[in-house]
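Peer 1: Below is work.cif; it holds mmCIF, C-alpha atoms.
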data_my_file
#
loop_
_atom_site.label_atom_id
_atom_site.label_comp_id
_atom_site.auth_asym_id
_atom_site.auth_seq_id
_atom_site.Cartn_x
_atom_site.Cartn_y
_atom_site.Cartn_z
CA MET A 1 -2.49 34.69 -16.16
CA LYS A 2 -4.95 32.81 -18.33
CA ASP A 3 -2.40 32.75 -21.13
CA ILE A 4 0.34 31.14 -19.18
CA GLY A 5 -1.94 28.82 -17.25
CA SER A 6 -3.43 27.39 -20.40
CA LYS A 7 -0.03 27.14 -22.03
CA LEU A 8 1.21 25.07 -19.13
CA ARG A 9 -1.97 23.07 -19.03
CA GLY A 10 -1.88 22.36 -22.74
CA ALA A 11 1.64 21.04 -22.62
CA THR A 12 0.84 17.97 -24.66
CA ASP A 13 4.16 16.50 -25.30
CA ARG A 14 4.23 13.51 -27.57
CA GLY A 15 7.82 12.81 -26.57
CA VAL A 16 6.94 12.38 -22.94
CA GLU A 17 4.68 9.36 -23.34
CA GLN A 18 7.31 7.46 -25.27
CA ALA A 19 10.08 8.50 -22.93
CA ALA A 20 7.99 7.44 -19.94
CA ALA A 21 7.26 4.04 -21.48
CA ALA A 22 10.94 3.50 -22.26
CA ALA A 23 12.01 4.57 -18.77
CA ALA A 24 9.40 2.31 -17.19
CA GLY A 25 10.71 -0.58 -19.28
CA ARG A 26 14.20 -0.04 -17.91
CA LEU A 27 13.02 -0.04 -14.31
CA ALA A 28 12.74 -3.82 -13.88
CA ALA A 29 16.43 -4.40 -14.59
CA ARG A 30 17.46 -1.71 -12.09
CA ALA A 31 15.03 -3.14 -9.55
CA ALA A 32 16.47 -6.64 -10.02
CA ASP A 33 20.03 -5.30 -9.54
CA GLU A 34 19.00 -3.70 -6.27
CA HIS A 35 17.08 -6.77 -5.07
CA LEU A 36 13.79 -4.92 -5.20
CA LEU A 37 12.10 -7.20 -7.70
CA ASP A 38 10.28 -9.87 -5.69
CA VAL A 39 8.01 -11.19 -8.44
CA ALA A 40 8.92 -10.98 -12.13
CA TYR A 41 6.28 -11.90 -14.66
CA ALA A 42 6.03 -12.25 -18.42
CA PHE A 43 3.81 -13.62 -21.15
CA VAL A 44 4.51 -16.57 -23.43
CA ASP A 45 2.65 -17.41 -26.61
CA THR A 46 1.74 -21.09 -26.85
CA PRO A 47 -0.54 -23.26 -29.01
CA PHE A 48 -3.09 -22.82 -26.20
CA GLY A 49 -2.97 -19.05 -26.16
CA ARG A 50 -1.01 -16.63 -24.07
CA PHE A 51 0.36 -17.92 -20.77
CA LEU A 52 1.30 -15.79 -17.81
CA ILE A 53 4.46 -16.94 -16.04
CA ALA A 54 5.81 -15.53 -12.78
CA GLY A 55 8.97 -16.21 -10.83
CA THR A 56 10.67 -15.30 -7.56
CA SER A 57 14.28 -15.66 -6.44
CA ARG A 58 13.41 -19.27 -5.55
CA GLY A 59 12.01 -20.22 -8.93
CA LEU A 60 8.85 -20.41 -10.98
CA VAL A 61 5.94 -19.63 -8.67
CA ARG A 62 2.91 -19.34 -10.96
CA LEU A 63 1.73 -20.27 -14.41
CA ALA A 64 -1.71 -19.30 -15.66
CA PHE A 65 -3.78 -19.37 -18.84
CA HIS A 66 -7.29 -18.77 -20.06
CA PRO A 67 -9.81 -18.53 -18.46
CA GLU A 68 -7.87 -17.20 -15.45
CA PRO A 69 -7.88 -13.39 -15.71
CA VAL A 70 -4.41 -11.81 -15.73
CA GLU A 71 -5.42 -9.12 -13.28
CA ALA A 72 -6.65 -11.64 -10.71
CA VAL A 73 -3.43 -13.63 -10.94
CA LEU A 74 -1.28 -10.50 -10.51
CA ASN A 75 -3.38 -9.45 -7.53
CA GLU A 76 -2.95 -12.90 -6.02
CA LEU A 77 0.84 -12.62 -6.42
CA SER A 78 0.78 -9.16 -4.88
CA ASP A 79 -1.24 -10.34 -1.88
CA ARG A 80 0.38 -13.68 -1.27
CA VAL A 81 4.02 -13.23 -2.30
CA SER A 82 4.92 -9.53 -2.43
CA PRO A 83 3.46 -6.37 -3.99
CA ARG A 84 6.83 -5.75 -5.65
CA VAL A 85 5.55 -7.27 -8.88
CA LEU A 86 6.99 -6.10 -12.21
CA GLU A 87 6.82 -7.29 -15.79
CA ALA A 88 10.35 -8.44 -16.52
CA PRO A 89 10.56 -10.84 -19.47
CA SER A 90 14.35 -11.18 -19.36
CA GLU A 91 14.14 -12.64 -15.85
CA LEU A 92 12.11 -15.55 -17.24
CA ASP A 93 14.03 -16.49 -20.38
CA ASP A 94 14.66 -20.06 -19.18
CA VAL A 95 11.00 -20.70 -18.46
CA ARG A 96 9.96 -19.34 -21.83
CA ARG A 97 12.53 -21.45 -23.65
CA GLU A 98 11.57 -24.67 -21.84
CA LEU A 99 7.87 -24.11 -22.50
CA ASP A 100 8.60 -23.51 -26.20
CA GLU A 101 10.54 -26.77 -26.34
CA TYR A 102 7.79 -28.62 -24.51
CA PHE A 103 5.10 -27.50 -26.95
CA GLU A 104 7.32 -28.46 -29.87
CA GLY A 105 7.45 -31.97 -28.39
CA GLU A 106 11.19 -31.72 -27.81
CA ARG A 107 11.19 -31.46 -24.06
CA HIS A 108 9.84 -34.22 -21.85
CA GLU A 109 10.92 -32.89 -18.49
CA PHE A 110 11.21 -29.40 -17.10
CA ASP A 111 14.49 -28.48 -15.60
CA LEU A 112 13.41 -25.40 -13.67
CA PRO A 113 13.65 -24.45 -10.01
CA LEU A 114 10.14 -24.23 -8.57
CA ASP A 115 8.83 -22.05 -5.78
CA TRP A 116 6.06 -24.07 -4.10
CA ARG A 117 4.85 -21.34 -1.78
CA LEU A 118 1.45 -20.92 -3.45
CA MET A 119 0.62 -24.60 -2.90
CA ARG A 120 -1.92 -25.32 -0.21
CA ARG A 121 -0.37 -27.24 2.68
CA GLY A 122 -1.09 -30.76 3.85
CA PHE A 123 -3.01 -33.23 1.72
CA SER A 124 -3.13 -30.87 -1.29
CA GLU A 125 0.60 -30.47 -1.34
CA ARG A 126 1.10 -34.22 -1.09
CA VAL A 127 -1.26 -34.72 -4.03
CA LEU A 128 0.65 -32.21 -6.15
CA ARG A 129 4.04 -33.62 -5.16
CA ALA A 130 2.82 -37.08 -6.19
CA THR A 131 1.51 -35.60 -9.44
CA ALA A 132 4.89 -34.02 -10.17
CA LYS A 133 6.33 -37.55 -10.36
CA ILE A 134 4.00 -38.85 -13.10
CA PRO A 135 6.30 -39.23 -16.13
CA TYR A 136 5.80 -37.76 -19.59
CA GLY A 137 3.67 -40.05 -21.70
CA GLY A 138 2.02 -41.60 -18.66
CA VAL A 139 -1.23 -41.02 -16.80
CA SER A 140 -2.48 -41.67 -13.32
CA THR A 141 -5.94 -41.65 -11.76
CA TYR A 142 -7.50 -39.47 -9.10
CA ARG A 143 -7.76 -42.56 -6.89
CA ASP A 144 -4.08 -43.30 -7.36
CA VAL A 145 -2.77 -39.82 -6.51
CA ALA A 146 -5.14 -39.70 -3.52
CA ALA A 147 -3.68 -42.98 -2.36
CA ARG A 148 -0.13 -41.79 -2.83
CA ALA A 149 -1.00 -38.68 -0.82
CA GLY A 150 -2.14 -40.96 2.00
CA ASN A 151 -5.91 -41.32 1.58
CA PRO A 152 -7.21 -43.46 -1.32
CA ARG A 153 -10.83 -42.52 -0.61
CA ALA A 154 -10.25 -38.76 -0.80
CA MET A 155 -10.71 -38.62 -4.56
CA ARG A 156 -12.78 -35.45 -4.50
CA ALA A 157 -10.21 -33.69 -2.29
CA ALA A 158 -7.52 -34.85 -4.70
CA GLY A 159 -9.51 -33.29 -7.54
CA ASN A 160 -9.73 -30.02 -5.64
CA ALA A 161 -6.01 -30.06 -4.95
CA LEU A 162 -5.28 -30.55 -8.64
CA GLY A 163 -7.70 -27.76 -9.50
CA SER A 164 -5.76 -25.41 -7.24
CA ASN A 165 -2.41 -26.23 -8.86
CA PRO A 166 -0.51 -22.93 -9.21
CA LEU A 167 1.95 -24.50 -11.68
CA PRO A 168 -0.07 -26.40 -14.30
CA ILE A 169 1.86 -28.01 -17.19
CA VAL A 170 5.08 -27.96 -15.13
CA VAL A 171 3.41 -29.87 -12.30
CA PRO A 172 1.47 -32.06 -14.75
CA CYS A 173 -2.02 -32.23 -13.28
CA HIS A 174 -3.27 -32.93 -16.81
CA ARG A 175 -1.82 -36.43 -16.41
CA VAL A 176 -4.39 -37.30 -13.76
CA VAL A 177 -7.50 -38.79 -15.38
CA ARG A 178 -10.67 -40.58 -14.33
CA THR A 179 -10.70 -44.32 -13.74
CA GLY A 180 -12.45 -45.60 -16.85
CA GLY A 181 -10.84 -43.45 -19.49
CA ASN A 182 -12.61 -40.09 -19.40
CA VAL A 183 -9.92 -37.40 -19.08
CA GLY A 184 -11.90 -35.43 -16.47
CA ASN A 185 -11.85 -31.75 -15.64
CA TYR A 186 -9.10 -29.25 -16.33
CA GLY A 187 -8.56 -25.57 -15.59
CA GLY A 188 -8.04 -24.81 -19.27
CA GLY A 189 -10.92 -27.11 -20.30
CA SER A 190 -11.02 -30.86 -21.06
CA ASP A 191 -10.14 -30.24 -24.72
CA MET A 192 -6.86 -28.71 -23.66
CA LYS A 193 -6.23 -31.62 -21.29
CA ARG A 194 -6.87 -34.11 -24.08
CA ALA A 195 -4.60 -32.17 -26.46
CA LEU A 196 -1.78 -32.10 -23.91
CA LEU A 197 -2.05 -35.86 -23.41
CA GLN A 198 -2.01 -36.34 -27.18
CA LEU A 199 1.07 -34.14 -27.48
CA GLU A 200 2.77 -36.37 -24.92
CA GLY A 201 1.67 -39.54 -26.68
CA ALA A 202 -0.42 -40.71 -23.72
CA LEU A 203 -3.62 -40.56 -25.75
CA LEU A 204 -4.27 -41.34 -29.35
CA MET B 1 -3.56 -4.49 3.60
CA SER B 2 -4.01 -5.28 -0.04
CA LEU B 3 -1.80 -3.31 -2.45
CA PRO B 4 -2.08 -3.44 -6.23
CA PRO B 5 0.89 -5.09 -7.98
CA PHE B 6 3.59 -2.47 -8.46
CA GLN B 7 3.41 -2.80 -12.24
CA ALA B 8 -0.17 -1.46 -12.12
CA LEU B 9 1.01 1.63 -10.27
CA LEU B 10 3.85 2.11 -12.73
CA ASP B 11 1.50 1.77 -15.71
CA ALA B 12 -1.05 4.14 -14.23
CA HIS B 13 1.33 6.92 -13.19
CA ARG B 14 4.47 6.74 -15.30
CA VAL B 15 3.43 9.48 -17.74
CA ASP B 16 2.28 11.74 -14.94
CA VAL B 17 5.55 11.30 -13.07
CA TYR B 18 7.65 11.76 -16.19
CA ARG B 19 5.83 14.93 -17.18
CA PHE B 20 6.16 16.31 -13.65
CA LEU B 21 9.90 15.64 -13.67
CA VAL B 22 10.53 17.06 -17.14
CA ALA B 23 8.85 20.26 -15.97
CA LEU B 24 10.83 20.36 -12.72
CA VAL B 25 14.33 19.27 -13.74
CA GLY B 26 14.35 19.30 -17.55
CA ALA B 27 14.35 16.56 -20.15
CA GLU B 28 18.00 15.60 -19.72
CA GLU B 29 17.74 14.80 -16.05
CA ALA B 30 14.17 13.54 -15.98
CA ASP B 31 15.15 9.98 -16.79
CA ASP B 32 17.49 9.58 -13.83
CA CYS B 33 15.02 11.17 -11.48
CA PHE B 34 12.32 8.86 -12.85
CA GLN B 35 14.37 5.76 -12.05
CA GLU B 36 15.26 7.11 -8.61
CA THR B 37 11.62 7.88 -7.93
CA PHE B 38 10.28 4.45 -8.79
CA LEU B 39 13.16 2.62 -7.09
CA ALA B 40 12.50 4.57 -3.89
CA ALA B 41 8.80 3.83 -4.26
CA LEU B 42 9.50 0.14 -4.80
CA ARG B 43 11.67 0.09 -1.69
CA ALA B 44 8.95 1.59 0.49
CA TYR B 45 5.95 0.00 -1.20
CA PRO B 46 5.38 -3.17 0.88
CA LYS B 47 5.13 -1.06 4.04
CA LEU B 48 2.75 1.51 2.62
CA ARG B 49 -0.30 1.81 4.89
CA ASP B 50 -2.69 3.77 2.77
CA ALA B 51 -3.20 2.97 -0.90
CA ALA B 52 -6.03 5.47 -1.33
CA ASN B 53 -3.93 8.13 -3.07
CA LEU B 54 -1.08 6.41 -4.88
CA ARG B 55 -0.78 9.26 -7.36
CA GLY B 56 -0.20 11.78 -4.58
CA TRP B 57 2.24 9.40 -2.94
CA ILE B 58 4.35 8.77 -6.04
CA LEU B 59 4.39 12.47 -7.00
CA THR B 60 5.54 13.31 -3.47
CA ILE B 61 8.50 10.97 -3.96
CA ALA B 62 9.16 12.42 -7.42
CA HIS B 63 9.15 15.90 -5.93
CA ARG B 64 11.68 14.86 -3.28
CA LYS B 65 13.95 13.41 -5.97
CA ALA B 66 13.66 16.57 -8.05
CA MET B 67 14.62 18.70 -5.04
CA ASP B 68 17.58 16.39 -4.25
CA HIS B 69 18.60 16.83 -7.82
CA HIS B 70 18.41 20.64 -7.63
CA ARG B 71 20.49 20.64 -4.48
CA SER B 72 23.20 18.39 -5.92
CA ARG B 73 23.32 20.56 -9.00
CA VAL B 74 23.80 23.68 -6.91
CA ARG B 75 26.60 21.93 -5.05
CA ARG B 76 28.25 20.83 -8.27
CA ALA B 77 27.93 24.30 -9.72
CA GLU B 78 29.50 26.11 -6.77
CA PRO B 79 33.15 26.10 -7.79
CA VAL B 80 32.31 27.02 -11.36
CA ALA B 81 32.03 30.69 -12.16
CA GLU B 82 29.49 30.36 -14.86
CA VAL B 83 27.15 27.46 -15.37
CA PRO B 84 27.09 26.55 -19.03
CA GLU B 85 23.70 26.80 -20.64
CA ARG B 86 22.19 23.41 -21.22
CA THR B 87 20.92 22.98 -24.71
CA GLY B 88 19.51 19.50 -24.30
CA ARG B 89 17.83 17.10 -26.66
CA SER B 90 14.53 18.63 -26.04
CA ILE B 91 11.37 16.78 -25.36
CA ASP B 92 10.67 20.10 -23.70
CA LEU B 93 7.01 20.48 -23.16
CA ASP B 94 5.03 22.09 -25.90
CA GLY B 95 8.01 23.58 -27.69
CA GLU B 96 8.31 26.54 -25.32
CA PRO B 97 11.81 26.17 -23.90
CA GLU B 98 11.87 29.79 -22.69
CA LEU B 99 8.73 29.33 -20.67
CA TRP B 100 9.98 26.11 -19.10
CA ARG B 101 13.30 27.70 -18.24
CA ALA B 102 11.35 30.45 -16.52
CA VAL B 103 9.32 27.83 -14.64
CA ARG B 104 12.48 26.15 -13.47
CA SER B 105 13.93 29.40 -12.20
CA LEU B 106 10.98 30.03 -9.86
CA PRO B 107 11.52 29.55 -6.12
CA PRO B 108 11.07 25.84 -5.35
CA LYS B 109 7.64 25.98 -3.74
CA GLN B 110 6.19 28.16 -6.45
CA GLN B 111 7.73 26.00 -9.11
CA THR B 112 6.29 22.82 -7.62
CA ALA B 113 2.87 24.38 -7.11
CA VAL B 114 2.71 25.75 -10.65
CA VAL B 115 3.81 22.47 -12.23
CA ALA B 116 1.61 20.29 -10.06
CA ARG B 117 -1.40 22.50 -10.64
CA TYR B 118 -1.07 23.31 -14.34
CA VAL B 119 0.94 20.45 -15.80
CA ASN B 120 -0.37 17.58 -13.69
CA ASP B 121 -3.76 19.03 -12.83
CA LEU B 122 -3.41 18.13 -9.16
CA PRO B 123 -5.85 19.48 -6.59
CA TYR B 124 -4.42 21.95 -4.05
CA ARG B 125 -4.98 19.42 -1.27
CA ASP B 126 -2.46 17.09 -2.93
CA ILE B 127 -0.06 19.91 -3.73
CA ALA B 128 -0.05 20.88 -0.05
CA ARG B 129 0.86 17.32 0.80
CA ILE B 130 3.78 17.40 -1.65
CA THR B 131 5.29 20.73 -0.59
CA GLY B 132 4.21 20.62 3.05
CA GLY B 133 2.08 23.44 4.43
CA SER B 134 -1.55 24.31 4.00
CA GLU B 135 -3.85 24.09 1.04
CA GLU B 136 -4.13 27.87 1.16
CA ALA B 137 -0.35 28.24 0.97
CA ALA B 138 -0.28 25.91 -2.04
CA ARG B 139 -2.89 28.04 -3.76
CA ARG B 140 -0.89 31.18 -3.02
CA ASN B 141 2.35 29.60 -4.27
CA ALA B 142 0.70 28.70 -7.54
CA SER B 143 -0.76 32.14 -8.11
CA ASP B 144 2.47 33.92 -7.06
CA GLY B 145 4.37 31.67 -9.42
CA ILE B 146 2.07 32.41 -12.32
CA ALA B 147 2.34 36.15 -11.59
CA LYS B 148 6.12 35.91 -11.67
CA LEU B 149 6.06 33.94 -14.90
CA ARG B 150 3.98 36.65 -16.46
CA GLU B 151 6.61 39.21 -15.51
CA VAL B 152 9.59 37.33 -16.92
CA TRP B 153 7.93 35.65 -19.82
CA THR B 154 6.63 38.37 -22.02
CA ARG B 155 5.67 37.58 -25.53
#
Starting from the coordinates I provided, produce the structure as structure tokens.
Peer 2:
Amino acid sequence: MKDIGSKLRGATDRGVEQAAAAAAGRLAARAADEHLLDVAYAFVDTPFGRFLIAGTSRGLVRLAFHPEPVEAVLNELSDRVSPRVLEAPSELDDVRRELDEYFEGERHEFDLPLDWRLMRRGFSERVLRATAKIPYGGVSTYRDVAARAGNPRAMRAAGNALGSNPLPIVVPCHRVVRTGGNVGNYGGGSDMKRALLQLEGALL
Amino acid sequence: MSLPPFQALLDAHRVDVYRFLVALVGAEEADDCFQETFLAALRAYPKLRDAANLRGWILTIAHRKAMDHHRSRVRRAEPVAEVPERTGRSIDLDGEPELWRAVRSLPPKQQTAVVARYVNDLPYRDIARITGGSEEAARRNASDGIAKLREVWTR
């Protein structure tokens, strides 16, 4: 009995780990075919490090970068959109391509369907919708986006709304700066914000 | 209730599930059963009430798929007088094809109990959940299975 038990127990099968990884990699495509893939995500390498991108059937729903932890973002997607979350790079080819073009300075506008469901409602959403209209190469101020969202004095609330932006870069919250020239805060740090504005030619 | 993203479950349990299926249905069929298992899991996942034992849950589904597979193979084999021996590109566990063939010819409950206990190192409580029945019955199935293996597999 000991013999057979330990033989079964010691079944260390190098082939199985590889086969399991390959089979797991094929699952996302099957899941998408059967409409069981609610959130597809992937990683993109950029000049600012690795970005996490996630999409639903409606469009791009989330974009995240350092210092946001990957695990927290995936948990957020699981809780707030659907737990059917799988890594599926081929579902996000368009997003990856447009981001590449953007960072090479060749793309000035994103042509991607967006899923706004992770936006907070009300004032925040109005702030982000106003922000989405700021053109490439331009900037706006916190006061201005607050005003366009309906309350010019709610500058702090406008800042919070921008800080909660689930789709940075694509909804260009980096184009909102302080009155007086300081670029202000940014999720990825003010250096990143400055570099993005330089890339777009809005800052020297 | 808060469920981990499905990818986390897949990453954590894919090797366990694959190994379980190779032992139950063989290397050639394991891949199909693997896909069926995780697709069924994905289908049911949003409605899952208890995420405390995801490993037990996914292996229960894998077991069901393996049994479905056995049944459909029996059906397919019926009109044929002799089932051709499958040679298989073997990722057969541990290079002991004879032993694994013997495992797969055990009665279903013994087979499941032996594999779950010795290949996947599952506690009897979880094995009972997979096969249905008591923990004691699971223990007995495993030891009966091992006894039978010792009879047929003599080396």
Peer 1: Evaluating the PyMOL selection byres ((chain A) within 8 of (chain B)) on the displayed file yields which residues, as an MDAnalysis selection string?
Peer 2: chainID A and resid 1 4:6 8:13 15:17 19:21 23:24 27 30:31 36 74:75 77:79 82:87
Peer 1: Which distance in Å separates atom CA of A:Gly59 and atom CA of A:Val95, to one decimal?
Peer 2: 9.6 Å
Peer 1: Selection in question (the file shown): the PyMOL selection byres ((chain A and resi 172) around 12). Which residues does it include, as a PyMOL selection string?
Peer 2: chain A and resi 63+108-110+127-140+162-163+165-171+173-177+186-187+193+196-197+200
Peer 1: Nearest to B:Ala102: which of B:Gly26, B:Ile61, B:Arg73, B:Arg139 is it, counting all atoms listed in the file?
Peer 2: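 Going through B:Gly26, B:Ile61, B:Arg73, B:Arg139 one by one, the smallest distance to B:Ala102 is for B:Gly26.
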Peer 1: Could you tell me, as a list in words, exactly which residues end up selected when the PyMOL selection byres ((chain A and resi 52) around 8) is applied to this structure?
Peer 2: Tyr41, Ala42, Phe43, Val44, Arg50, Phe51, Ile53, Ala54, Arg62, Leu63, Ala64, Phe65 and Val70 of chain A
Peer 1: Next, write the just-selected residues to a file, as a PDB file, in the frame of the given file, keeping C-alpha atoms as the atom set.
Peer 2:
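As written to disk, part.pdb reads:
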ATOM      1  CA  TYR A  41       6.280 -11.900 -14.660  1.00  0.00           C
ATOM      2  CA  ALA A  42       6.030 -12.250 -18.420  1.00  0.00           C
ATOM      3  CA  PHE A  43       3.810 -13.620 -21.150  1.00  0.00           C
ATOM      4  CA  VAL A  44       4.510 -16.570 -23.430  1.00  0.00           C
ATOM      5  CA  ARG A  50      -1.010 -16.630 -24.070  1.00  0.00           C
ATOM      6  CA  PHE A  51       0.360 -17.920 -20.770  1.00  0.00           C
ATOM      7  CA  ILE A  53       4.460 -16.940 -16.040  1.00  0.00           C
ATOM      8  CA  ALA A  54       5.810 -15.530 -12.780  1.00  0.00           C
ATOM      9  CA  ARG A  62       2.910 -19.340 -10.960  1.00  0.00           C
ATOM     10  CA  LEU A  63       1.730 -20.270 -14.410  1.00  0.00           C
ATOM     11  CA  ALA A  64      -1.710 -19.300 -15.660  1.00  0.00           C
ATOM     12  CA  PHE A  65      -3.780 -19.370 -18.840  1.00  0.00           C
ATOM     13  CA  VAL A  70      -4.410 -11.810 -15.730  1.00  0.00           C
TER      14      VAL A  70
END
Peer 1: Enclose all atoms of stretch 42-53 of chain B listed in the file in an axis-aligned box, grow every side by 5 Å, and hand back centre and edge lengths in Å to one decimal, as lines of an AutoDock Vina configuration file.
Peer 2:
center_x = 2.8
center_y = 2.5
center_z = 0.0
size_x = 27.7
size_y = 21.3
size_z = 19.7
Peer 1: To one decimal place, how far is atom CA of A:Gly188 from atom CA of A:Arg107 in Å?
Peer 2: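 Interatomic distance, atom CA of A:Gly188 to atom CA of A:Arg107: 20.9 Å.
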Peer 1: Could you rebuild stretch 108-129 of chain A with N, CA and C atoms and give me the result as a tab-separated table (two decimals), in the frame of the given file?
Peer 2:
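Output below, filename out32.tsv:
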chain	number	residue	atom	x	y	z
A	108	HIS	N	10.71	-33.31	-22.58
A	108	HIS	CA	9.84	-34.22	-21.85
A	108	HIS	C	9.88	-33.98	-20.35
A	109	GLU	N	10.84	-33.21	-19.91
A	109	GLU	CA	10.92	-32.89	-18.49
A	109	GLU	C	11.35	-31.45	-18.32
A	110	PHE	N	10.78	-30.78	-17.35
A	110	PHE	CA	11.21	-29.40	-17.10
A	110	PHE	C	12.35	-29.40	-16.11
A	111	ASP	N	13.31	-28.56	-16.43
A	111	ASP	CA	14.49	-28.48	-15.60
A	111	ASP	C	14.53	-27.06	-15.02
A	112	LEU	N	13.55	-26.77	-14.19
A	112	LEU	CA	13.41	-25.40	-13.67
A	112	LEU	C	13.27	-25.45	-12.15
A	113	PRO	N	13.93	-24.54	-11.45
A	113	PRO	CA	13.65	-24.45	-10.01
A	113	PRO	C	12.21	-23.98	-9.79
A	114	LEU	N	11.53	-24.59	-8.84
A	114	LEU	CA	10.14	-24.23	-8.57
A	114	LEU	C	10.00	-23.63	-7.17
A	115	ASP	N	9.17	-22.65	-7.07
A	115	ASP	CA	8.83	-22.05	-5.78
A	115	ASP	C	7.42	-22.54	-5.43
A	116	TRP	N	7.32	-23.39	-4.42
A	116	TRP	CA	6.06	-24.07	-4.10
A	116	TRP	C	5.20	-23.26	-3.14
A	117	ARG	N	5.52	-22.00	-2.89
A	117	ARG	CA	4.85	-21.34	-1.78
A	117	ARG	C	3.36	-21.07	-2.00
A	118	LEU	N	2.88	-21.14	-3.25
A	118	LEU	CA	1.45	-20.92	-3.45
A	118	LEU	C	0.64	-22.21	-3.35
A	119	MET	N	1.34	-23.34	-3.10
A	119	MET	CA	0.62	-24.60	-2.90
A	119	MET	C	-0.10	-24.55	-1.56
A	120	ARG	N	-1.29	-25.12	-1.52
A	120	ARG	CA	-1.92	-25.32	-0.21
A	120	ARG	C	-1.14	-26.39	0.54
A	121	ARG	N	-1.15	-26.29	1.87
A	121	ARG	CA	-0.37	-27.24	2.68
A	121	ARG	C	-1.11	-28.56	2.84
A	122	GLY	N	-0.44	-29.52	3.43
A	122	GLY	CA	-1.09	-30.76	3.85
A	122	GLY	C	-1.39	-31.69	2.68
A	123	PHE	N	-2.60	-32.24	2.72
A	123	PHE	CA	-3.01	-33.23	1.72
A	123	PHE	C	-2.83	-32.71	0.29
A	124	SER	N	-3.24	-31.45	0.06
A	124	SER	CA	-3.13	-30.87	-1.29
A	124	SER	C	-1.70	-30.90	-1.79
A	125	GLU	N	-0.80	-30.50	-0.92
A	125	GLU	CA	0.60	-30.47	-1.34
A	125	GLU	C	1.09	-31.89	-1.65
A	126	ARG	N	0.66	-32.83	-0.83
A	126	ARG	CA	1.10	-34.22	-1.09
A	126	ARG	C	0.55	-34.72	-2.43
A	127	VAL	N	-0.68	-34.33	-2.73
A	127	VAL	CA	-1.26	-34.72	-4.03
A	127	VAL	C	-0.42	-34.14	-5.18
A	128	LEU	N	-0.08	-32.86	-5.06
A	128	LEU	CA	0.65	-32.21	-6.15
A	128	LEU	C	2.09	-32.74	-6.25
A	129	ARG	N	2.67	-33.05	-5.11
A	129	ARG	CA	4.04	-33.62	-5.16
A	129	ARG	C	4.01	-35.01	-5.82
